[in-house]
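Everything below belongs to work.csv, which stores CSV, C-alpha atoms and all ligand atoms.
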chain,number,residue,atom,x,y,z
A,1,MET,CA,-15.1,44.9,-45.8
A,2,ARG,CA,-16.9,47.7,-47.6
A,3,ASP,CA,-20.4,48.8,-46.9
A,4,LYS,CA,-23.0,48.0,-49.5
A,5,ILE,CA,-25.2,51.1,-49.9
A,6,VAL,CA,-28.2,52.0,-51.8
A,7,ALA,CA,-29.2,55.7,-51.6
A,8,GLY,CA,-32.3,57.2,-53.1
A,9,ASN,CA,-31.9,60.8,-54.3
A,10,TRP,CA,-35.4,62.3,-54.5
A,11,LYS,CA,-34.1,65.5,-56.1
A,12,MET,CA,-36.7,68.3,-56.3
A,13,ASN,CA,-39.7,65.9,-56.2
A,14,ASN,CA,-42.5,65.4,-53.7
A,15,ASP,CA,-44.2,67.9,-51.4
A,16,LEU,CA,-44.8,67.0,-47.8
A,17,ALA,CA,-47.9,64.9,-48.4
A,18,GLU,CA,-46.3,63.0,-51.2
A,19,THR,CA,-43.2,62.5,-49.1
A,20,GLU,CA,-45.2,61.1,-46.2
A,21,GLU,CA,-47.0,58.8,-48.7
A,22,LEU,CA,-43.7,57.5,-50.1
A,23,LEU,CA,-42.3,57.0,-46.6
A,24,GLY,CA,-45.3,55.0,-45.6
A,25,LYS,CA,-45.0,52.8,-48.7
A,26,LEU,CA,-41.3,52.4,-48.1
A,27,LYS,CA,-41.8,51.2,-44.6
A,28,MET,CA,-44.4,48.7,-45.7
A,29,GLN,CA,-41.9,47.3,-48.3
A,30,MET,CA,-39.2,46.9,-45.7
A,31,VAL,CA,-40.4,43.6,-44.4
A,32,LYS,CA,-36.9,42.3,-43.6
A,33,GLU,CA,-33.6,44.1,-42.7
A,34,PRO,CA,-31.9,44.7,-46.1
A,35,GLU,CA,-28.3,43.5,-46.6
A,36,ALA,CA,-27.4,47.0,-47.9
A,37,THR,CA,-27.4,50.2,-45.9
A,38,VAL,CA,-30.4,52.2,-47.2
A,39,MET,CA,-30.3,56.0,-47.5
A,40,VAL,CA,-32.9,58.5,-48.7
A,41,ALA,CA,-32.3,62.2,-49.6
A,42,PRO,CA,-35.5,64.3,-49.7
A,43,SER,CA,-35.6,68.0,-50.3
A,44,PHE,CA,-34.6,70.4,-47.5
A,45,THR,CA,-38.3,71.0,-46.4
A,46,ASN,CA,-38.9,67.3,-46.1
A,47,LEU,CA,-35.7,66.3,-44.1
A,48,TYR,CA,-37.2,66.6,-40.6
A,49,PRO,CA,-40.5,64.9,-41.3
A,50,THR,CA,-38.5,62.1,-43.1
A,51,PHE,CA,-36.1,61.8,-40.1
A,52,GLN,CA,-39.1,61.6,-37.8
A,53,ALA,CA,-40.9,59.0,-39.9
A,54,LEU,CA,-37.9,56.8,-40.2
A,55,LYS,CA,-37.0,56.8,-36.5
A,56,GLY,CA,-36.6,53.2,-35.3
A,57,THR,CA,-35.6,52.0,-38.8
A,58,SER,CA,-32.1,51.6,-40.1
A,59,VAL,CA,-32.7,54.0,-43.0
A,60,ILE,CA,-30.3,57.0,-43.1
A,61,VAL,CA,-31.6,60.4,-44.1
A,62,ALA,CA,-29.3,62.5,-46.3
A,63,ALA,CA,-29.4,66.1,-47.6
A,64,GLN,CA,-28.9,66.8,-51.2
A,65,ASN,CA,-26.6,69.8,-50.7
A,66,MET,CA,-25.1,72.1,-48.1
A,67,HIS,CA,-23.3,75.4,-47.9
A,68,GLU,CA,-19.6,75.5,-47.3
A,69,SER,CA,-19.8,78.2,-44.6
A,70,GLU,CA,-20.7,77.5,-41.0
A,71,ASN,CA,-23.3,80.3,-40.9
A,72,GLY,CA,-23.8,83.9,-42.0
A,73,ALA,CA,-25.4,86.1,-44.6
A,74,PHE,CA,-26.0,83.5,-47.3
A,75,THR,CA,-29.7,84.0,-48.1
A,76,GLY,CA,-31.4,80.8,-49.1
A,77,GLU,CA,-28.6,78.5,-48.0
A,78,ILE,CA,-28.4,75.6,-45.4
A,79,SER,CA,-25.5,74.9,-43.2
A,80,ALA,CA,-24.0,71.7,-41.7
A,81,SER,CA,-25.2,72.5,-38.2
A,82,MET,CA,-28.8,73.2,-39.5
A,83,LEU,CA,-28.8,69.7,-41.1
A,84,LYS,CA,-27.4,68.1,-38.0
A,85,SER,CA,-30.0,69.8,-35.8
A,86,VAL,CA,-32.7,67.9,-37.7
A,87,GLY,CA,-31.0,64.5,-37.4
A,88,VAL,CA,-29.2,64.7,-40.8
A,89,ASN,CA,-25.5,63.6,-40.7
A,90,THR,CA,-25.0,62.7,-44.4
A,91,VAL,CA,-24.9,65.0,-47.4
A,92,ILE,CA,-24.7,64.5,-51.1
A,93,LEU,CA,-22.1,66.8,-52.6
A,94,GLY,CA,-20.9,67.4,-56.2
A,95,HIS,CA,-24.0,66.0,-58.0
A,96,SER,CA,-23.8,66.7,-61.7
A,97,GLU,CA,-27.0,68.7,-61.6
A,98,ARG,CA,-25.4,71.0,-58.9
A,99,ARG,CA,-22.2,71.3,-61.1
A,100,ALA,CA,-24.2,72.0,-64.3
A,101,TYR,CA,-27.1,74.2,-63.1
A,102,PHE,CA,-25.5,75.9,-60.0
A,103,HIS,CA,-22.0,76.1,-61.3
A,104,GLU,CA,-20.4,74.2,-58.5
A,105,THR,CA,-16.7,73.9,-59.2
A,106,GLY,CA,-14.1,71.5,-57.9
A,107,GLU,CA,-12.7,74.3,-55.7
A,108,LEU,CA,-16.1,75.0,-54.1
A,109,LEU,CA,-16.7,71.3,-53.6
A,110,ALA,CA,-13.4,70.9,-51.8
A,111,LYS,CA,-14.6,73.6,-49.3
A,112,LYS,CA,-18.0,71.9,-48.9
A,113,VAL,CA,-16.4,68.5,-48.3
A,114,LYS,CA,-14.1,70.0,-45.8
A,115,THR,CA,-16.9,71.7,-43.9
A,116,ALA,CA,-19.0,68.5,-43.9
A,117,ILE,CA,-16.0,66.4,-42.6
A,118,ASP,CA,-15.1,69.1,-40.0
A,119,ASN,CA,-18.7,68.8,-38.8
A,120,GLY,CA,-18.4,65.0,-38.5
A,121,MET,CA,-20.8,64.4,-41.4
A,122,THR,CA,-20.6,61.6,-44.0
A,123,VAL,CA,-20.3,62.8,-47.6
A,124,ILE,CA,-21.7,61.0,-50.7
A,125,PHE,CA,-19.4,62.6,-53.3
A,126,CYS,CA,-20.7,62.5,-56.9
A,127,PHE,CA,-18.6,62.8,-60.0
A,128,GLY,CA,-18.6,61.5,-63.5
A,129,GLU,CA,-18.0,62.4,-67.1
A,130,GLU,CA,-20.2,63.9,-69.8
A,131,LEU,CA,-20.9,62.0,-73.0
A,132,GLU,CA,-18.4,64.2,-74.9
A,133,ASP,CA,-15.6,63.2,-72.5
A,134,ARG,CA,-16.3,59.5,-73.1
A,135,LYS,CA,-16.5,59.9,-76.8
A,136,ASN,CA,-13.1,61.6,-76.7
A,137,ASP,CA,-11.7,59.0,-74.4
A,138,LYS,CA,-11.2,61.6,-71.7
A,139,HIS,CA,-13.4,59.9,-69.1
A,140,PHE,CA,-10.7,58.4,-67.0
A,141,ASP,CA,-8.7,61.6,-66.8
A,142,LEU,CA,-11.8,63.7,-66.1
A,143,VAL,CA,-12.8,61.5,-63.2
A,144,GLU,CA,-9.2,61.7,-61.8
A,145,GLN,CA,-9.3,65.4,-62.0
A,146,GLN,CA,-12.7,65.7,-60.2
A,147,LEU,CA,-11.4,63.5,-57.4
A,148,LYS,CA,-8.1,65.3,-57.2
A,149,GLU,CA,-9.8,68.8,-57.0
A,150,ALA,CA,-12.1,68.0,-54.1
A,151,LEU,CA,-10.8,64.9,-52.3
A,152,PHE,CA,-7.2,64.0,-52.7
A,153,ASN,CA,-6.0,66.6,-50.3
A,154,LEU,CA,-8.0,65.2,-47.4
A,155,PRO,CA,-6.2,63.5,-44.6
A,156,GLN,CA,-6.5,59.7,-44.6
A,157,SER,CA,-8.6,59.8,-41.4
A,158,SER,CA,-11.4,61.7,-43.3
A,159,TRP,CA,-11.9,58.9,-45.7
A,160,LYS,CA,-14.0,56.8,-43.3
A,161,ASN,CA,-16.6,59.5,-43.9
A,162,ILE,CA,-16.5,59.5,-47.6
A,163,ILE,CA,-18.7,57.5,-50.0
A,164,LEU,CA,-18.0,57.9,-53.7
A,165,ALA,CA,-20.8,57.9,-56.3
A,166,TYR,CA,-19.6,57.6,-59.9
A,167,GLU,CA,-22.4,58.9,-62.1
A,168,PRO,CA,-21.7,59.2,-65.8
A,169,VAL,CA,-23.8,62.3,-66.8
A,170,TRP,CA,-25.0,60.7,-70.0
A,171,ALA,CA,-26.7,57.9,-68.0
A,172,ILE,CA,-28.6,60.2,-65.5
A,173,GLY,CA,-32.3,60.2,-66.1
A,174,THR,CA,-31.8,59.1,-69.7
A,175,GLY,CA,-32.7,55.5,-69.4
A,176,GLU,CA,-29.3,54.8,-70.8
A,177,THR,CA,-27.2,52.9,-68.2
A,178,ALA,CA,-23.5,52.3,-68.3
A,179,SER,CA,-23.1,48.6,-69.0
A,180,PRO,CA,-22.0,46.5,-65.9
A,181,GLU,CA,-18.6,46.2,-67.6
A,182,GLN,CA,-18.3,50.0,-68.2
A,183,ALA,CA,-19.2,50.6,-64.5
A,184,GLN,CA,-16.7,48.0,-63.3
A,185,GLU,CA,-14.0,49.3,-65.5
A,186,MET,CA,-14.4,52.8,-64.1
A,187,HIS,CA,-14.9,51.7,-60.5
A,188,LYS,CA,-11.6,49.7,-60.8
A,189,HIS,CA,-9.9,52.8,-62.2
A,190,ILE,CA,-11.3,54.8,-59.2
A,191,ARG,CA,-10.0,52.3,-56.7
A,192,ASN,CA,-6.6,52.3,-58.4
A,193,LEU,CA,-6.6,56.1,-58.1
A,194,LEU,CA,-7.4,55.9,-54.4
A,195,ASN,CA,-4.6,53.4,-54.0
A,196,LYS,CA,-2.1,55.6,-55.7
A,197,ASN,CA,-3.2,59.0,-54.2
A,198,VAL,CA,-4.5,58.1,-50.7
A,199,GLY,CA,-3.4,54.6,-49.8
A,200,LYS,CA,-4.3,50.9,-50.0
A,201,GLU,CA,-6.5,50.8,-46.9
A,202,VAL,CA,-8.7,53.7,-48.2
A,203,ALA,CA,-8.8,52.1,-51.6
A,204,GLU,CA,-10.0,48.8,-50.1
A,205,ASN,CA,-12.5,50.3,-47.7
A,206,THR,CA,-14.2,53.1,-49.6
A,207,SER,CA,-17.6,52.3,-51.0
A,208,ILE,CA,-18.0,53.3,-54.6
A,209,LEU,CA,-21.6,53.6,-55.8
A,210,TYR,CA,-22.8,53.6,-59.3
A,211,GLY,CA,-25.6,56.1,-60.4
A,212,GLY,CA,-27.4,56.6,-63.7
A,213,SER,CA,-30.6,54.9,-64.7
A,214,VAL,CA,-30.4,52.1,-62.2
A,215,LYS,CA,-33.7,50.2,-62.3
A,216,PRO,CA,-35.0,46.9,-60.8
A,217,ASN,CA,-34.2,45.1,-64.0
A,218,ASN,CA,-30.5,46.1,-64.2
A,219,ALA,CA,-29.4,46.6,-60.6
A,220,LYS,CA,-28.5,43.0,-59.9
A,221,GLU,CA,-26.0,42.8,-62.8
A,222,ILE,CA,-24.4,46.1,-61.9
A,223,PHE,CA,-24.2,45.4,-58.2
A,224,ALA,CA,-22.6,42.0,-58.9
A,225,LYS,CA,-19.5,43.7,-60.2
A,226,GLU,CA,-16.5,43.4,-57.9
A,227,ASP,CA,-15.8,47.1,-57.4
A,228,VAL,CA,-19.5,48.3,-57.4
A,229,ASP,CA,-20.7,48.7,-53.8
A,230,GLY,CA,-24.2,49.9,-54.5
A,231,GLY,CA,-26.1,52.6,-56.2
A,232,LEU,CA,-27.3,56.2,-56.1
A,233,ILE,CA,-30.8,56.0,-57.5
A,234,GLY,CA,-32.8,58.9,-58.9
A,235,GLY,CA,-36.0,58.3,-60.7
A,236,ALA,CA,-36.6,54.7,-59.5
A,237,SER,CA,-36.2,55.8,-55.8
A,238,LEU,CA,-39.5,57.7,-56.1
A,239,ASN,CA,-41.3,54.4,-56.3
A,240,ALA,CA,-41.1,52.4,-53.1
A,241,VAL,CA,-41.6,49.0,-54.8
A,242,ASP,CA,-38.9,49.7,-57.4
A,243,PHE,CA,-36.5,51.2,-54.9
A,244,MET,CA,-36.8,48.3,-52.5
A,245,ALA,CA,-36.4,45.9,-55.4
A,246,ILE,CA,-33.1,47.7,-56.1
A,247,VAL,CA,-32.1,47.6,-52.5
A,248,ASN,CA,-32.7,43.9,-52.4
A,249,SER,CA,-30.6,43.3,-55.5
A,250,PHE,CA,-27.6,42.3,-53.5
A,301,LIG,O1,-28.6,61.0,-58.0
A,301,LIG,C1,-29.0,60.1,-58.7
A,301,LIG,C2,-28.6,60.1,-60.1
A,301,LIG,O2,-28.6,61.4,-60.7
A,301,LIG,C3,-29.3,59.1,-61.0
A,301,LIG,O3,-30.6,59.5,-61.4
A,301,LIG,P1,-31.4,58.4,-62.3
A,301,LIG,O4,-31.5,57.1,-61.5
A,301,LIG,O5,-32.8,59.1,-62.4
A,301,LIG,O6,-30.7,58.3,-63.6
Representation of the structure as structure tokens:
Amino acid sequence: MRDKIVAGNWKMNNDLAETEELLGKLKMQMVKEPEATVMVAPSFTNLYPTFQALKGTSVIVAAQNMHESENGAFTGEISASMLKSVGVNTVILGHSERRAYFHETGELLAKKVKTAIDNGMTVIFCFGEELEDRKNDKHFDLVEQQLKEALFNLPQSSWKNIILAYEPVWAIGTGETASPEQAQEMHKHIRNLLNKNVGKEVAENTSILYGGSVKPNNAKEIFAKEDVDGGLIGGASLNAVDFMAIVNSF
């Protein structure tokens, strides 16, 4: 049985006061225990206050990035142990914005994933094609390559700590969502790849989230698809009412 997960990626939004306000609203909206596991990923500076504010709830706090080294002279970077020391055991890796703006390659991401797993953390691993790839019918191959580069060398036992997030780049922050059928088609492809490269058990048990302009008005249809196990939500996660409407779309 796969976990249903809805994760909010707050990206580089919200200072401390705004984060506290959003957390207050979020807690007010959580009148009943959601069916899905809920996660939120604030900026580094807001991780600890978020962890403190959500103590006693089932919401998991995730980081948006992490360095691949355990420690050392890497000015401006954050390590796995630093995250764990403030209550954060989940990290988003491979987001398309990190790949595009910070030149994160598959090789680097393989190292980051390994460090996170070695530290007992859970990884939300993001990947997905650009519009050009889809237009050229390269999207299935591209996704396979991204998974192969960073994940397919992992031992089977690591997969219990991996959540996949398929995010077609053309659908991120654009208002243009993959149709539920496009999402299902790709998620099925991903599950087949897991089956072929890692094994049946991992294929059946790994949660695959969809990300890219998920909103309250389209979440239900997307989440209803057989191989879609939830969502990684950007813009709509900054509004507590919208985010909880998405969480409750299962
Ligand atoms: O991490 C989240 C994704 O980039 C989706 O962002 P979005 O919901 O604003 O399109």
Considering all atoms listed in the file, give me a table of residues in chain A that are at most 8 Å from ligand LIG 301 (chain A), with the closest atom pair and distance in Å for each, as a tab-separated table.
residue	atom	partner	partner_atom	distance
A:Gly8	CA	A:LIG301	C1	7.1
A:Asn9	CA	A:LIG301	O1	5.0
A:Trp10	CA	A:LIG301	O1	7.8
A:Lys11	CA	A:LIG301	O1	7.4
A:His95	CA	A:LIG301	O1	6.8
A:Ser96	CA	A:LIG301	O2	7.2
A:Glu97	CA	A:LIG301	O2	7.5
A:Glu167	CA	A:LIG301	C2	6.6
A:Val169	CA	A:LIG301	O2	7.8
A:Ala171	CA	A:LIG301	O6	6.0
A:Ile172	CA	A:LIG301	O6	3.4
A:Gly173	CA	A:LIG301	O6	3.5
A:Thr174	CA	A:LIG301	O6	6.2
A:Gly175	CA	A:LIG301	O6	6.7
A:Thr177	CA	A:LIG301	O6	7.9
A:Gly211	CA	A:LIG301	C3	4.8
A:Gly212	CA	A:LIG301	O6	3.7
A:Ser213	CA	A:LIG301	O6	3.6
A:Val214	CA	A:LIG301	O4	5.2
A:Lys215	CA	A:LIG301	O4	7.3
A:Leu232	CA	A:LIG301	C1	5.0
A:Ile233	CA	A:LIG301	O4	4.2
A:Gly234	CA	A:LIG301	O3	3.4
A:Gly235	CA	A:LIG301	O5	3.7
A:Ala236	CA	A:LIG301	O4	6.0
A:Ser237	CA	A:LIG301	O4	7.5
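Nearest to Ile162 (chain A) of all the residues A:Leu23, A:Leu54, A:Ala203, A:Ile78 is A:Ala203, counting only C-alpha atoms.
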Please report the interatomic distance between CA of Val31 (chain A) and CA of Pro216 (chain A) in Å with one decimal.
17.6 Å
May I have the residues within 7 Å of Gln64 (chain A) as a PyMOL selection string, using all atoms listed in the file and disregarding those fewer than 5 positions away in the same chain?
chain A and resi 41+43+91-93
Skipping near chain neighbours, those fewer than 4 positions away, what residues fall within 8 Å of Ile117 (chain A) using only C-alpha atoms, listed as a list in words?
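Counting only the stated atoms, we get Val113, Met121, Thr122, Val123, Ser158 and Asn161 of chain A.
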Point (-8.3, 54.3, -65.2), cut-off 10 Å, counting only C-alpha atoms, residues as a list in words
His139, Phe140, Asp141, Val143, Glu144, Glu185, Met186, His187, Lys188, His189, Ile190, Arg191, Asn192 and Leu193 of chain A
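The closest residue to Gln145 (chain A), picked from A:Asn197, A:Ala36, A:Ser157, A:Tyr48 and counting all atoms listed in the file, is A:Asn197.
Proximity of A:Val40, A:Met1, A:Ile163, A:Ala100 to Glu204 (chain A), computed with only C-alpha atoms, is greatest for A:Met1.
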Would you mind listing what lies within 12 Å of Lys112 (chain A) as a PyMOL selection string, with only C-alpha atoms counted and same-chain residues fewer than 2 positions away left out?
chain A and resi 65-70+78-80+91-94+104-110+114-119+121-125+149-151
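Minimum atom-to-atom distance to Glu77 (chain A), evaluated using only C-alpha atoms, belongs to A:Phe44 out of A:Ile60, A:Leu147, A:Val6, A:Phe44.
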Between CA of Val38 (chain A) and CA of Glu176 (chain A) - distance in Å to one decimal
23.8 Å
For Val61 (chain A), which of A:Ala73, A:Val241, A:Leu47, A:Ala17 is the closest residue, counting all atoms listed in the file?
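Between A:Ala73, A:Val241, A:Leu47, A:Ala17, the residue approaching Val61 (chain A) most closely is A:Leu47.
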Which one of A:Arg98, A:Val59, A:Leu154, A:Ala178 sits closest to Leu131 (chain A) if you count all atoms listed in the file?
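Smallest separation from Leu131 (chain A) among the options: A:Ala178.
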Expressed in Å to a single decimal, how great is the separation between CA of Phe127 (chain A) and CA of Tyr210 (chain A)?
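Result for CA of Phe127 (chain A) versus CA of Tyr210 (chain A): 10.1 Å, one decimal.
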